[in-house]
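Engineer: Next up, entry12.tsv (TSV, C-alpha atoms).
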chain	number	residue	atom	x	y	z
A	96	MET	CA	-17.79	9.79	-20.67
A	97	THR	CA	-14.77	9.87	-18.42
A	98	HIS	CA	-14.73	7.99	-15.16
A	99	PRO	CA	-14.47	10.39	-12.23
A	100	LEU	CA	-11.65	10.07	-9.73
A	101	PRO	CA	-12.54	8.89	-6.25
A	102	GLY	CA	-13.52	11.91	-4.19
A	103	ARG	CA	-15.81	12.94	-1.35
A	104	GLY	CA	-17.00	9.93	0.61
A	105	HIS	CA	-14.33	7.62	-0.79
A	106	THR	CA	-11.31	6.19	0.99
A	107	VAL	CA	-8.30	5.32	-1.14
A	108	LEU	CA	-5.62	2.97	0.20
A	109	VAL	CA	-2.19	3.38	-1.41
A	110	ILE	CA	0.08	0.36	-0.86
A	111	VAL	CA	3.73	0.96	-1.70
A	112	ALA	CA	7.07	-0.58	-0.86
A	113	HIS	CA	9.11	2.57	-0.19
A	114	ALA	CA	8.78	6.10	1.18
A	115	ASP	CA	9.19	7.77	-2.21
A	116	ASP	CA	6.97	5.47	-4.30
A	117	ALA	CA	3.62	7.26	-3.93
A	118	ALA	CA	4.98	10.73	-4.68
A	119	LEU	CA	7.11	9.42	-7.54
A	120	PHE	CA	4.53	7.23	-9.28
A	121	CYS	CA	1.17	8.89	-8.61
A	122	GLY	CA	1.64	12.04	-6.52
A	123	GLY	CA	-0.36	14.33	-8.79
A	124	THR	CA	-3.27	11.91	-8.92
A	125	LEU	CA	-3.27	11.52	-5.14
A	126	ARG	CA	-3.28	15.28	-4.63
A	127	LEU	CA	-6.20	15.63	-7.05
A	128	MET	CA	-8.14	12.90	-5.24
A	129	ALA	CA	-7.50	14.63	-1.91
A	130	GLU	CA	-8.64	17.97	-3.36
A	131	ARG	CA	-11.84	16.26	-4.49
A	132	GLY	CA	-12.44	15.11	-0.91
A	133	ALA	CA	-11.14	11.53	-0.89
A	134	ARG	CA	-9.55	10.28	2.32
A	135	LEU	CA	-6.09	8.93	1.45
A	136	VAL	CA	-4.33	6.27	3.51
A	137	LEU	CA	-0.79	5.23	2.65
A	138	LEU	CA	0.66	1.87	3.66
A	139	ARG	CA	4.47	1.74	3.41
A	140	VAL	CA	5.81	-1.79	3.60
A	141	THR	CA	9.54	-1.25	4.16
A	142	ASP	CA	11.68	0.87	6.45
A	143	ASP	CA	13.97	2.14	3.64
A	144	ARG	CA	17.00	1.39	5.83
A	145	PHE	CA	19.45	1.15	2.93
A	146	ASP	CA	18.23	4.12	0.88
A	147	SER	CA	20.95	6.69	1.57
A	148	VAL	CA	24.67	7.32	1.23
A	149	GLY	CA	26.84	8.38	4.16
A	150	LEU	CA	24.19	7.99	6.89
A	151	SER	CA	23.81	5.25	9.48
A	152	VAL	CA	20.89	2.84	9.18
A	153	ASP	CA	19.04	4.60	12.01
A	154	GLU	CA	19.63	8.02	10.43
A	155	THR	CA	18.50	6.69	7.05
A	156	ILE	CA	15.25	5.31	8.47
A	157	ALA	CA	14.59	8.58	10.31
A	158	VAL	CA	15.30	10.84	7.31
A	159	ASN	CA	13.25	8.75	4.88
A	160	THR	CA	10.34	8.61	7.33
A	161	GLN	CA	10.50	12.37	7.90
A	162	GLN	CA	10.48	12.98	4.14
A	163	LEU	CA	7.57	10.58	3.70
A	164	HIS	CA	5.52	12.45	6.29
A	165	ARG	CA	6.31	15.80	4.67
A	166	ALA	CA	5.34	14.47	1.23
A	167	ALA	CA	2.14	13.05	2.72
A	168	GLU	CA	1.19	16.50	4.00
A	169	ILE	CA	1.68	17.97	0.53
A	170	LEU	CA	-0.25	15.17	-1.19
A	171	GLY	CA	-3.15	15.26	1.28
A	172	ILE	CA	-2.58	11.83	2.80
A	173	ALA	CA	-4.56	11.55	6.05
A	174	GLU	CA	-2.98	8.42	7.55
A	175	ILE	CA	0.29	6.51	7.17
A	176	ILE	CA	0.63	2.86	8.11
A	177	GLU	CA	4.18	1.62	8.60
A	178	LEU	CA	4.82	-2.14	8.34
A	179	ASN	CA	8.60	-1.67	8.78
A	180	TRP	CA	9.71	-4.75	6.87
A	181	GLU	CA	13.38	-4.56	5.94
A	182	THR	CA	13.86	-2.83	2.60
A	183	ASP	CA	15.39	-4.64	-0.38
A	184	ARG	CA	14.57	-7.98	1.24
A	185	LEU	CA	10.95	-8.55	0.22
A	186	GLY	CA	12.07	-10.88	-2.56
A	187	ASP	CA	12.81	-13.40	0.20
A	188	ALA	CA	9.73	-12.58	2.30
A	189	SER	CA	6.59	-14.65	2.50
A	190	GLU	CA	4.06	-13.35	0.00
A	191	VAL	CA	1.31	-14.99	2.07
A	192	GLY	CA	2.55	-13.17	5.18
A	193	LEU	CA	2.65	-9.88	3.34
A	194	ARG	CA	-0.79	-10.50	1.88
A	195	GLU	CA	-2.20	-11.16	5.37
A	196	ARG	CA	-1.10	-7.68	6.47
A	197	PHE	CA	-2.72	-6.16	3.38
A	198	ILE	CA	-5.96	-8.08	3.95
A	199	TYR	CA	-6.01	-6.89	7.55
A	200	HIS	CA	-5.71	-3.24	6.55
A	201	VAL	CA	-8.20	-3.54	3.67
A	202	ARG	CA	-10.70	-4.94	6.16
A	203	ARG	CA	-9.85	-2.27	8.75
A	204	ILE	CA	-9.90	0.72	6.39
A	205	ARG	CA	-12.57	-0.57	3.98
A	206	PRO	CA	-11.28	1.43	0.99
A	207	TYR	CA	-13.29	2.20	-2.09
A	208	ALA	CA	-10.10	2.00	-4.19
A	209	VAL	CA	-6.58	0.67	-3.81
A	210	ILE	CA	-3.56	2.03	-5.67
A	211	SER	CA	-0.41	-0.07	-5.96
A	212	PHE	CA	2.11	-1.46	-8.41
A	213	ASP	CA	0.97	-3.27	-11.56
A	214	PRO	CA	1.38	-7.03	-11.02
A	215	TYR	CA	1.23	-7.53	-14.78
A	216	GLY	CA	3.94	-4.97	-15.50
A	217	ALA	CA	6.69	-6.83	-13.65
A	218	PHE	CA	8.52	-7.57	-16.91
A	219	HIS	CA	10.00	-4.06	-16.90
A	220	GLU	CA	10.40	-3.85	-13.12
A	221	ASP	CA	13.75	-4.68	-11.53
A	222	ASN	CA	12.87	-3.92	-7.89
A	223	GLN	CA	11.87	-7.13	-6.11
A	224	ASP	CA	10.15	-5.12	-3.34
A	225	HIS	CA	7.80	-3.60	-5.95
A	226	ILE	CA	7.16	-6.99	-7.57
A	227	LYS	CA	6.38	-8.74	-4.28
A	228	VAL	CA	4.05	-5.95	-3.16
A	229	ALA	CA	2.28	-5.97	-6.55
A	230	HIS	CA	1.56	-9.69	-6.42
A	231	ALA	CA	0.49	-9.67	-2.76
A	232	VAL	CA	-1.88	-6.73	-3.37
A	233	ASP	CA	-3.36	-8.46	-6.43
A	234	GLU	CA	-4.14	-11.53	-4.30
A	235	THR	CA	-5.52	-9.30	-1.53
A	236	TYR	CA	-8.33	-7.99	-3.71
A	237	TRP	CA	-10.20	-11.25	-3.79
A	238	THR	CA	-9.01	-12.90	-0.56
A	239	ALA	CA	-10.10	-9.95	1.61
A	240	GLN	CA	-13.70	-10.60	0.51
A	241	PHE	CA	-13.93	-14.12	1.93
A	242	ASP	CA	-14.45	-15.19	5.52
A	243	LYS	CA	-12.14	-18.23	5.31
A	244	HIS	CA	-9.02	-16.11	4.77
A	245	HIS	CA	-7.64	-15.01	8.14
A	246	PRO	CA	-10.78	-15.37	10.26
A	247	GLU	CA	-8.67	-14.22	13.23
A	248	HIS	CA	-9.25	-10.68	11.94
A	249	PHE	CA	-12.90	-11.01	12.86
A	250	ASP	CA	-12.00	-11.27	16.55
A	251	GLU	CA	-11.19	-7.54	16.30
A	252	GLY	CA	-14.58	-6.75	14.79
A	253	LEU	CA	-13.35	-6.67	11.18
A	254	ALA	CA	-15.39	-8.14	8.34
A	255	PRO	CA	-14.73	-9.22	4.74
A	256	HIS	CA	-14.42	-6.32	2.33
A	257	GLY	CA	-14.20	-6.00	-1.44
A	258	VAL	CA	-12.43	-3.12	-3.13
A	259	TYR	CA	-14.43	-1.41	-5.88
A	260	GLU	CA	-11.57	0.03	-7.91
A	261	ARG	CA	-8.00	-1.12	-8.56
A	262	TRP	CA	-5.50	1.48	-9.69
A	263	TYR	CA	-2.08	0.43	-10.98
Please express what this file holds, its structure, as structure tokens.
Structural biologist:
Amino acid sequence: MTHPLPGRGHTVLVIVAHADDAALFCGGTLRLMAERGARLVLLRVTDDRFDSVGLSVDETIAVNTQQLHRAAEILGIAEIIELNWETDRLGDASEVGLRERFIYHVRRIRPYAVISFDPYGAFHEDNQDHIKVAHAVDETYWTAQFDKHHPEHFDEGLAPHGVYERWY
């Protein structure tokens, strides 16, 4: 028996480092989930400020964001969350700080499933942004379920939440 994809009644949170990651790594799967009725939410961590040639930083951010939103329309993504951390710098960022933002959005969105990078596949990964996101998401799965991790979230009416499915 095959396991069905999340669909009607499910929310799927996709946590990626860059604007092109979701379409590149799992675009077909996301589109299929959307067609089956799942609500897709994409969280982009970085601003992709260095991902162009011949454009200014502001132009690069604007073009990459515009392309992300167009891809999201095609894939069936209902909501985009932008953290706007500086791209290609997550290797130096606080993993705990990044994880706090992920916990917050897991508690706010209450997804059935989360899709992100494989924290155990980092051996073949050379992008530190992907590696940092993978490890922070992996820690988020269990920490978002407990009331001792970031209880300040509860002041906004949020509550602990556990994710049912992890997709890498």
Engineer: Closest to Asp242 (chain A) among A:Ala254, A:Asp115, A:Pro214, A:Glu260, using all atoms listed in the file?
Structural biologist: A:Ala254
Engineer: Residues at most 9 Å from region 168-173 of chain A, counting all atoms listed in the file, excluding those fewer than 4 positions away in the same chain, as an MDAnalysis selection string?
Structural biologist: chainID A and resid 118 122:130 134:137 163:164
Engineer: Can you list, as a ChimeraX atom specification, every protein, DNA or RNA residue that comes within 9 Å of Gly186 (chain A) when you count all atoms listed in the file, leaving out same-chain residues fewer than 6 positions away?
Structural biologist: /A:222-224,226-227
Engineer: Return the single residue from A:Arg202, A:Phe241, A:Thr182, A:Ile110 that is closest to Val152 (chain A), with distances computed using only C-alpha atoms.
Structural biologist: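 Nearest candidate to Val152 (chain A) out of A:Arg202, A:Phe241, A:Thr182, A:Ile110: A:Thr182.
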Engineer: Give me the residues near region 189-199 of chain A as a PyMOL selection string, where near means some atom within 10 Å (using only C-alpha atoms) and where sequence neighbours in that chain fewer than 2 positions away do not count.
Structural biologist: chain A and resi 110+138+140+178+180+185-187+201-205+227-228+230-240+244-245+247-249+253-256
Engineer: Report the distance between CA of Thr141 (chain A) and CA of Ala166 (chain A) in Å, rounded to one decimal place.
Structural biologist: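 Here the two named atoms are 16.5 Å from each other.
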Engineer: Could you tell me which of A:Pro246, A:Gly216, A:Pro206, A:Gly149 comes closest to Val109 (chain A) if we count all atoms listed in the file?
Structural biologist: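 Under the stated criterion, the closest residue is A:Pro206.
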Engineer: Which residues are close to Arg261 (chain A), i.e. within 7 Å by only C-alpha atoms, leaving aside same-chain residues fewer than 6 positions away? Reply as a PDB file with C-alpha atoms, in the frame of the given file.
Structural biologist:
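Saved as around-v6.pdb:
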ATOM      1  CA  ALA A 208     -10.100   2.000  -4.190  1.00  0.00           C
ATOM      2  CA  VAL A 209      -6.580   0.670  -3.810  1.00  0.00           C
ATOM      3  CA  ILE A 210      -3.560   2.030  -5.670  1.00  0.00           C
TER       4      ILE A 210
END
Engineer: What is the distance, in Å and to one decimal place, between CA of Tyr259 (chain A) and CA of Gly102 (chain A)?
Structural biologist: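 Pair CA of Tyr259 (chain A) / CA of Gly102 (chain A) returns 13.5 Å.
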Engineer: Using all atoms listed in the file, which residue out of A:His113, A:Pro101, A:Val258, A:Ile156 lies closest to His225 (chain A)?
Structural biologist: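 Between A:His113, A:Pro101, A:Val258, A:Ile156, the residue approaching His225 (chain A) most closely is A:His113.
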Engineer: Just how far from CA of Cys121 (chain A) is CA of Phe212 (chain A), in Å to one decimal?
Structural biologist: 10.4 Å
Engineer: Have a look at A:Gly257, A:Ile175, A:Arg144, A:Glu181 and name the one nearest to Ala117 (chain A); count all atoms listed in the file.
Structural biologist: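 Smallest separation from Ala117 (chain A) among the options: A:Ile175.
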Engineer: Looking at A:Phe145, A:Tyr215, A:Trp262, A:Phe120, which one is nearest to Val107 (chain A), with distances taken over all atoms listed in the file?
Structural biologist: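 For Val107 (chain A), the nearest of the given residues is A:Trp262.
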Engineer: Kindly compute an axis-aligned box around the listed atoms of region 178-189 of chain A, allowing 4 Å on each side, and express its centre and edge lengths in Å to one decimal as lines of an AutoDock Vina configuration file.
Structural biologist:
center_x = 10.1
center_y = -8.2
center_z = 3.1
size_x = 18.6
size_y = 21.0
size_z = 19.3
